[in-house]
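Student: Provided herewith is a single structure, encoded as structure tokens, for subsequent inquiry.
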4 protein chains.
Amino acid sequence: MSKPDKKQAILDTALTLFVSQGFYATSTASIAKKAGVATGTLFHHFPSKDELMKHLFLSIKQEFADAITASIKDSGDLKQDAEHLWYSAIQWAIDYPLKQEFFQQYSMSPSIAIEIREQAMNSILSFMGNLMQQGQTQGLFASYPLTLMQDNCHGQYLAATRYFLDNPEKWQVDTHKQASFSMFWNAMVQS
Amino acid sequence: MSKPDKKQAILDTALTLFVSQGFYATSTASIAKKAGVATGTLFHHFPSKDELMKHLFLSIKQEFADAITASIKDSGDLKQDAEHLWYSAIQWAIDYPLKQEFFQQYSMSPSIAIEIREQAMNSILSFMGNLMQQGQTQGLFASYPLTLMQDNCHGQYLAATRYFLDNPEKWQVDTHKQASFSMFWNAMVQS
Amino acid sequence: MSKPDKKQAILDTALTLFVSQGFYATSTASIAKKAGVATGTLFHHFPSKDELMKHLFLSIKQEFADAITASIKDSGDLKQDAEHLWYSAIQWAIDYPLKQEFFQQYSMSPSIAIEIREQAMNSILSFMGNLMQQGQTQGLFASYPLTLMQDNCHGQYLAATRYFLDNPEKWQVDTHKQASFSMFWNAMVQS
Amino acid sequence: MSKPDKKQAILDTALTLFVSQGFYATSTASIAKKAGVATGTLFHHFPSKDELMKHLFLSIKQEFADAITASIKDSGDLKQDAEHLWYSAIQWAIDYPLKQEFFQQYSMSPSIAIEIREQAMNSILSFMGNLMQQGQTQGLFASYPLTLMQDNCHGQYLAATRYFLDNPEKWQVDTHKQASFSMFWNAMVQS
DNA sequence: AATGAATGAGCATTCATTCAT
DNA sequence: TATGAATGAATGCTCATTCAT
């Protein structure tokens with residue numbers, strides 16, 4: 001009920017509604033109403049609906065990046081580090097399903113200006129990029145084109161989070177959890 | 001003057017505009033105008049904008065399914081068959097980039113009713129499903145959960161097509177082409 | 001199924017739909033469909049929707065007029081003649097409830113050009129007019145202004161048909177039937 | 001600049017246009033334009049054209065009911081009371097010809113949901129109902145079925161207002177005025 | 001006479017955005 | 001900072017009518 005909360009209430013409500021109904025099917029009026037503020041208030045905090053979306057996208061991306069950064073280990077054992085990173089990334093998706101769903105929906109959508117999307121994606125993929133370059137340097141990974149590997153890795157990550165979000169109980173089962181990492185790892189490894 | 005032309009012109013134009021501008025940013029009036037028909041004609045053939053989208057989605061899905069079905073080989077060598085299937089699927093995406101882009105954008109989007117999306121996805125994934133079951137039966141593939149493998153496979157397919165669509169010249173380079181298949185194959189293989 | 005029936009099928013269907021849904025809520029397409037003809041056929045027989053309505057209105061009016069004319073008696077006893085006329089008119093409404101309902105709805109509605117309405121009403125009211133003039137000449141009726149009496153009479157007729165259409169079983173009960181005539185008669189009679 | 005003015009301006013304009021052109025022939029845009037507001041403003045105050053109509057209908061009905069209620073006398077002489085009521089009701093129609101015309105046009109029209117119409121009519125007819133029950137109890141009126149009497153009475157009222165609205169100068173002539181009441185009264189009286 | 005695809009003006013309604021309070 | 005009435009351009013869709021077959 002305190003004042004600074006209004007901006008946050010708008011963001012929270014927008015996240016929920018954008019995910020459940022889609023960007024275009026969500027009117028600014030409905031966001032304001034559900035957030036318990038006046039329509040004018042939304043535009044007081046965000047100059048336009050697009051800017052609200054952009055703010056949401058970038059701040060969620062940042063949260064993800066911070067979470068992953070915090071969980072990076074450098075034990076010297078690349079596979080162990082990668083496994084840790086992989087699980088952390090999926091764990092984040094499970095902890096924040098709405099935000100993950102938001103990414104799945106809007107990472108490819110024209111609702112978000114293309115340069116914003118790319119900027120966000122690059123930042124997320126850079127973690128993976130580093131890891132893969134290390135793997136290739138060490139001769140652990142096959143010498144596939146780096147961008148191809150990154151795209152592949154990103155594709156597998158999206159697939160894994162979708163799977164565990166759709167079947168949350170499987171995340172508790174070690175064989176499933178480990179299977180997801182094995183596929184990811186073996187795809188890159190020198191055979 | 002021929003009859004089916006107008007309906008087809010509407011579908012073709014809608015595909016182009018939905019991909020380039022997005023579903024919501026594309027007005028029915030603009031589709032009709034660019035297709036060279038009256039607004040009423042669009043609604044004569046499709047009862048609503050949503051139905052037009054649905055028709056487009058399902059017919060493109062069917063084209064893809066038909067193309068893949070036609071290219072399925074059963075040589076007895078699973079790896080060779082899989083490689084052939086993989087290249088065919090990517091080749092389709094390269095041959096029909098607009099349709100592939102359409103899938104990338106709308107497979108997850110709320111612009112298409114969820115049951116339509118799932119129906120389409122199941123039909124596409126069933127090819128892969130068969131192949132993977134064979135691989136597991138033959139002991140070639142690791143015994144990962146089947147749905148997880150399917151999701152992973154789908155994710156890698158989307159990543160590969162995105163890569164080759166963004167870098168079409170790489171599809172002519174065998175190392176790239178083969179690298180994409182190797183990652184896909186090794187992810188599943190019994191290590 | 002024979003050819004001349006098509007025009008009649010259109011008229012019958014239009015009557016039903018105009019009464020049940022209203023003139024504006026009934027599309028020419030829906031009339032044609034329900035009548036089992038093509039949209040073009042409707043416009044082949046009637047130059048416009050308004051003309052179809054006009055035709056319907058005037059032909060039903062004529063049917064009513066013919067029925068009443070046929071039932072006019074001139075026994076020399078004005079009250080008996082009037083009673084006979086009153087019952088005949090209400091009987092017609094009960095025999096053709098759709099047509100009666102049509103009149104109730106469209107006699108005052110802007111769906112029908114005002115001159116058509118007036119023309120029809122005058123023709124219907126002329127029966128009553130004659131009767132009332134006789135009554136006044138004979139000194140049976142009060143010497144109220146003729147037009148006022150006609151309007152009043154018309155109003156009572158509409159009310160009576162509405163009552164017996166809403167409660168059809170009451171038309172079989174003599175007290176109700178006679179009460180309706182008594183009110184009509186006593187309103188005009190010299191007291 | 002005052003607040004309630006815009007809503008009222010919309011209602012006033014809608015009344016005028018609905019009466020002069022009909023409900024369907026009156027576009028919301030034309031109402032807004034003539035009322036001097038933006039199209040959006042109409043929909044800000046009324047969720048739909050139908051709701052605007054409903055609001056208009058019910059509020060006019062209420063005005064009428066209030067006016068009649070205010071004029072009810074209970075002098076002990078039923079005939080005098082009835083005469084007073086009859087003249088008041090017609091006077092209202094003459095004072096507010098647009099509103100009376102509105103009733104004449106829309107009381108039977110499918111432009112207004114049937115339950116709204118009936119609700120309104122019941123409320124109007126209840127005045128008459130009371131009066132008639134008193135008349136029957138006192139043995140003044142014939143023992144006709146009550147509903148039939150009510151319908152008849154309503155029919156005569158509509159006829160009378162139509163007559164005096166079409167011939168306003170006649171309302172100043174006592175013989176006409178009294179004739180209208182005489183017909184109404186004699187219709188019900190024990191003969 | 002009969003058909004039904006095609007037309008396009010017209011409509012109700014939505015919604016991001018503004019601004020006076 | 002917050003409000004919510006007001007705005008008006010834009011949209012999806014309808015439907016009477018035409019006309020080539």
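Going through the structure tokens in order, the chains are called A, B, and so on, while each chain numbers its residues from 1 and the ligands are numbered from 1 in the order shown.
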When the cut-off is 7 Å and we count only C-alpha atoms (C1' of nucleotides), which residues of chain E are near chain C, given as number ranges by chain?
Tutor: E: 2-4
Student: Could those residues be written to a file, using C-alpha atoms (C1' of nucleotides), as a CSV table (one decimal), in the first residue's frame?
Tutor:
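As written to disk, out-v3.csv reads:
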```csv
chain,number,residue,atom,x,y,z
E,2,DA,C1',-30.9,-19.0,-60.1
E,3,DT,C1',-26.4,-18.8,-58.2
E,4,DG,C1',-22.9,-17.4,-54.7
```
Student: Kindly provide the residues of chain F that approach chain A to within 10 Å, each paired with its closest atom pair and their distance in Å to one decimal, based on only C-alpha atoms (C1' of nucleotides), listed by chain and increasing number, as CSV.
Tutor:
```
residue,atom,partner,partner_atom,distance
F:DT1,C1',A:Thr41,CA,8.5
F:DA2,C1',A:Thr41,CA,6.1
F:DT3,C1',A:Ala38,CA,5.9
F:DG4,C1',A:Ala38,CA,6.6
```
Student: Within 9 Å of A:Leu17, counting only C-alpha atoms (C1' of nucleotides), which residues qualify if same-chain residues fewer than 6 places away don't, as a compact mmCIF listing (two decimals) with N, CA and C atoms, in the first residue's frame?
Tutor:
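This went into around-v6.txt:
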```txt
# COMPACT_ATOMS: atom_id res chain seq x y z
N PHE A 23 0.67 -9.87 -24.84
CA PHE A 23 0.93 -8.43 -24.79
C PHE A 23 -0.22 -7.63 -25.38
N ALA A 25 -3.30 -8.56 -26.03
CA ALA A 25 -4.61 -8.80 -25.44
C ALA A 25 -4.71 -8.17 -24.05
N THR A 26 -3.63 -7.58 -23.59
CA THR A 26 -3.63 -6.95 -22.27
C THR A 26 -3.67 -5.44 -22.41
N SER A 30 -6.44 -2.55 -18.05
CA SER A 30 -6.61 -3.75 -17.22
C SER A 30 -5.42 -3.93 -16.28
N ILE A 31 -4.24 -3.57 -16.75
CA ILE A 31 -3.07 -3.63 -15.87
C ILE A 31 -3.27 -2.69 -14.68
```
Student: Mind doing a quick least-squares superposition of chain B onto chain D, all C-alpha atoms paired one-to-one in order, and writing it out as a short mmCIF file (atom, residue, chain, number, x, y, z; two decimals) with C-alpha atoms, in the first residue's frame?
Tutor:
```cif
data_model
loop_
_atom_site.label_atom_id
_atom_site.label_comp_id
_atom_site.auth_asym_id
_atom_site.auth_seq_id
_atom_site.Cartn_x
_atom_site.Cartn_y
_atom_site.Cartn_z
CA MET B 1 -17.01 21.94 -18.61
CA SER B 2 -19.30 20.57 -15.93
CA LYS B 3 -19.16 16.84 -15.46
CA PRO B 4 -22.62 15.38 -15.72
CA ASP B 5 -23.33 17.46 -18.81
CA LYS B 6 -21.62 15.14 -21.25
CA LYS B 7 -23.49 12.07 -20.12
CA GLN B 8 -26.75 14.00 -20.22
CA ALA B 9 -25.96 15.45 -23.62
CA ILE B 10 -25.46 11.94 -24.93
CA LEU B 11 -28.78 10.80 -23.48
CA ASP B 12 -30.65 13.81 -24.84
CA THR B 13 -29.15 13.41 -28.29
CA ALA B 14 -29.79 9.70 -28.34
CA LEU B 15 -33.45 10.28 -27.46
CA THR B 16 -33.87 12.75 -30.29
CA LEU B 17 -32.12 10.62 -32.87
CA PHE B 18 -33.65 7.30 -31.86
CA VAL B 19 -37.10 8.84 -32.18
CA SER B 20 -36.48 10.63 -35.45
CA GLN B 21 -34.41 8.01 -37.27
CA GLY B 22 -34.88 4.79 -35.38
CA PHE B 23 -32.44 2.85 -33.23
CA TYR B 24 -30.64 0.99 -35.98
CA ALA B 25 -30.44 3.92 -38.35
CA THR B 26 -28.72 5.96 -35.65
CA SER B 27 -24.99 5.33 -35.41
CA THR B 28 -23.14 5.81 -32.16
CA ALA B 29 -20.82 8.11 -34.08
CA SER B 30 -23.71 10.37 -35.04
CA ILE B 31 -24.94 10.53 -31.44
CA ALA B 32 -21.50 11.47 -30.21
CA LYS B 33 -20.98 14.04 -32.89
CA LYS B 34 -24.33 15.75 -32.37
CA ALA B 35 -23.81 15.65 -28.61
CA GLY B 36 -20.46 17.34 -29.06
CA VAL B 37 -18.37 14.58 -27.54
CA ALA B 38 -15.89 12.03 -28.85
CA THR B 39 -17.04 8.52 -29.76
CA GLY B 40 -14.99 7.14 -26.93
CA THR B 41 -16.87 9.29 -24.47
CA LEU B 42 -20.14 7.62 -25.32
CA PHE B 43 -18.61 4.25 -24.57
CA HIS B 44 -16.98 5.62 -21.46
CA HIS B 45 -20.43 6.31 -20.03
CA PHE B 46 -22.36 3.42 -21.56
CA PRO B 47 -20.70 0.09 -22.20
CA SER B 48 -22.64 -0.48 -25.39
CA LYS B 49 -25.27 0.99 -27.64
CA ASP B 50 -27.78 -1.46 -26.18
CA GLU B 51 -27.00 -0.33 -22.67
CA LEU B 52 -27.48 3.27 -23.70
CA MET B 53 -30.89 2.37 -25.06
CA LYS B 54 -31.78 0.46 -21.92
CA HIS B 55 -30.69 3.34 -19.71
CA LEU B 56 -32.77 5.73 -21.77
CA PHE B 57 -35.81 3.50 -21.65
CA LEU B 58 -35.68 2.90 -17.93
CA SER B 59 -34.97 6.49 -17.02
CA ILE B 60 -37.83 7.82 -19.11
CA LYS B 61 -40.13 5.21 -17.65
CA GLN B 62 -39.06 6.36 -14.20
CA GLU B 63 -39.72 10.01 -15.03
CA PHE B 64 -43.19 9.11 -16.18
CA ALA B 65 -43.84 7.02 -13.10
CA ASP B 66 -42.67 9.80 -10.84
CA ALA B 67 -44.82 12.36 -12.59
CA ILE B 68 -47.91 10.18 -12.33
CA THR B 69 -47.25 9.24 -8.73
CA ALA B 70 -46.96 12.89 -7.83
CA SER B 71 -50.32 13.66 -9.38
CA ILE B 72 -52.32 10.88 -7.75
CA LYS B 73 -55.22 12.16 -5.67
CA ASP B 74 -57.42 10.21 -3.32
CA SER B 75 -60.52 12.32 -2.91
CA GLY B 76 -62.86 9.44 -2.16
CA ASP B 77 -64.60 9.92 -5.49
CA LEU B 78 -63.15 7.28 -7.79
CA LYS B 79 -64.38 8.84 -10.99
CA GLN B 80 -62.89 12.21 -10.17
CA ASP B 81 -59.60 10.56 -9.21
CA ALA B 82 -59.54 8.54 -12.40
CA GLU B 83 -60.30 11.58 -14.50
CA HIS B 84 -57.49 13.49 -12.83
CA LEU B 85 -55.10 10.57 -13.41
CA TRP B 86 -56.15 10.22 -17.03
CA TYR B 87 -55.61 13.90 -17.79
CA SER B 88 -52.28 13.91 -15.95
CA ALA B 89 -51.03 10.97 -17.93
CA ILE B 90 -51.99 12.53 -21.24
CA GLN B 91 -50.65 15.89 -20.13
CA TRP B 92 -47.26 14.25 -19.50
CA ALA B 93 -47.27 12.88 -23.01
CA ILE B 94 -48.01 16.34 -24.36
CA ASP B 95 -45.37 17.96 -22.19
CA TYR B 96 -42.72 15.47 -23.28
CA PRO B 97 -43.72 14.52 -26.79
CA LEU B 98 -40.31 13.11 -27.64
CA LYS B 99 -40.40 10.79 -24.68
CA GLN B 100 -43.94 9.73 -25.45
CA GLU B 101 -43.00 9.07 -29.06
CA PHE B 102 -40.05 7.07 -27.81
CA PHE B 103 -42.39 4.86 -25.82
CA GLN B 104 -44.79 4.40 -28.71
CA GLN B 105 -41.94 3.30 -30.94
CA TYR B 106 -39.94 1.14 -28.59
CA SER B 107 -42.48 -0.41 -26.23
CA MET B 108 -42.98 -3.24 -28.69
CA SER B 109 -39.72 -3.16 -30.54
CA PRO B 110 -37.02 -5.79 -30.45
CA SER B 111 -34.49 -2.97 -30.03
CA ILE B 112 -35.14 -3.32 -26.33
CA ALA B 113 -34.70 -6.58 -24.49
CA ILE B 114 -38.07 -8.06 -23.68
CA GLU B 115 -37.51 -8.26 -19.94
CA ILE B 116 -36.69 -4.57 -19.79
CA ARG B 117 -39.85 -3.73 -21.67
CA GLU B 118 -42.01 -5.86 -19.43
CA GLN B 119 -40.45 -4.53 -16.29
CA ALA B 120 -41.18 -1.01 -17.47
CA MET B 121 -44.72 -1.77 -18.58
CA ASN B 122 -45.64 -3.47 -15.33
CA SER B 123 -44.53 -0.48 -13.38
CA ILE B 124 -46.60 1.85 -15.54
CA LEU B 125 -49.66 -0.33 -15.53
CA SER B 126 -49.67 -0.78 -11.78
CA PHE B 127 -51.28 2.65 -11.32
CA MET B 128 -54.13 1.59 -13.47
CA GLY B 129 -54.33 -1.78 -11.84
CA ASN B 130 -54.94 -0.28 -8.43
CA LEU B 131 -57.59 2.04 -9.72
CA MET B 132 -59.42 -0.75 -11.49
CA GLN B 133 -59.43 -3.00 -8.51
CA GLN B 134 -60.97 -0.24 -6.43
CA GLY B 135 -63.62 0.26 -9.09
CA GLN B 136 -64.52 -3.41 -9.12
CA THR B 137 -64.60 -3.61 -5.31
CA GLN B 138 -66.98 -0.65 -5.20
CA GLY B 139 -69.18 -2.35 -7.76
CA LEU B 140 -68.69 0.58 -10.09
CA PHE B 141 -66.88 -1.40 -12.76
CA ALA B 142 -67.99 -4.51 -14.54
CA SER B 143 -66.35 -7.68 -13.32
CA TYR B 144 -64.23 -8.22 -16.41
CA PRO B 145 -60.96 -10.14 -16.12
CA LEU B 146 -58.42 -7.78 -14.60
CA THR B 147 -55.59 -8.36 -17.05
CA LEU B 148 -57.90 -7.84 -19.97
CA MET B 149 -59.03 -4.55 -18.46
CA GLN B 150 -55.45 -3.47 -17.94
CA ASP B 151 -54.47 -4.27 -21.50
CA ASN B 152 -57.53 -2.48 -22.77
CA CYS B 153 -56.80 0.52 -20.64
CA HIS B 154 -53.22 0.64 -21.87
CA GLY B 155 -54.42 0.39 -25.44
CA GLN B 156 -56.81 3.28 -24.96
CA TYR B 157 -54.10 5.36 -23.34
CA LEU B 158 -51.76 4.83 -26.26
CA ALA B 159 -54.56 5.69 -28.68
CA ALA B 160 -55.48 8.86 -26.82
CA THR B 161 -51.93 10.15 -26.58
CA ARG B 162 -51.38 9.41 -30.23
CA TYR B 163 -54.53 11.35 -31.09
CA PHE B 164 -53.64 14.40 -29.02
CA LEU B 165 -50.02 14.36 -30.11
CA ASP B 166 -51.10 14.29 -33.74
CA ASN B 167 -53.70 17.00 -33.07
CA PRO B 168 -52.32 19.08 -30.22
CA GLU B 169 -54.89 21.84 -30.59
CA LYS B 170 -57.66 19.38 -29.70
CA TRP B 171 -56.26 18.97 -26.21
CA GLN B 172 -57.43 22.56 -25.54
CA VAL B 173 -60.96 21.66 -26.55
CA ASP B 174 -62.91 20.34 -23.59
CA THR B 175 -65.27 18.18 -25.62
CA HIS B 176 -62.33 16.26 -27.07
CA LYS B 177 -60.53 16.00 -23.78
CA GLN B 178 -63.65 14.82 -22.02
CA ALA B 179 -64.61 12.46 -24.83
CA SER B 180 -61.31 10.64 -24.41
CA PHE B 181 -61.97 10.15 -20.74
CA SER B 182 -65.59 9.14 -21.27
CA MET B 183 -64.63 6.33 -23.64
CA PHE B 184 -62.02 5.12 -21.22
CA TRP B 185 -64.41 5.26 -18.26
CA ASN B 186 -67.48 3.84 -19.98
CA ALA B 187 -65.50 0.90 -21.31
CA MET B 188 -65.05 -0.33 -17.78
CA VAL B 189 -68.19 0.81 -16.07
CA GLN B 190 -70.99 -1.56 -15.09
CA SER B 191 -73.64 -0.91 -17.67
#
```
Student: Could you write out, as a PyMOL selection string, all the residues of stretch 23-157 of chain A that DSSP marks as helix (DSSP H, G or I)?
Tutor: chain A and resi 28-35+39-45+49-71+78-95+97-106+114-137+146-157
Student: Distance atom C1' of E:DA12-atom C1' of F:DA5, one decimal place?
Tutor: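 Atom C1' of F:DA5 lies at a distance of 20.7 Å from atom C1' of E:DA12.
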Student: Take atom C1' of F:DA20 and atom C1' of E:DT7 and report the distance between them in Å, one decimal.
Tutor: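 It comes out at 13.6 Å.
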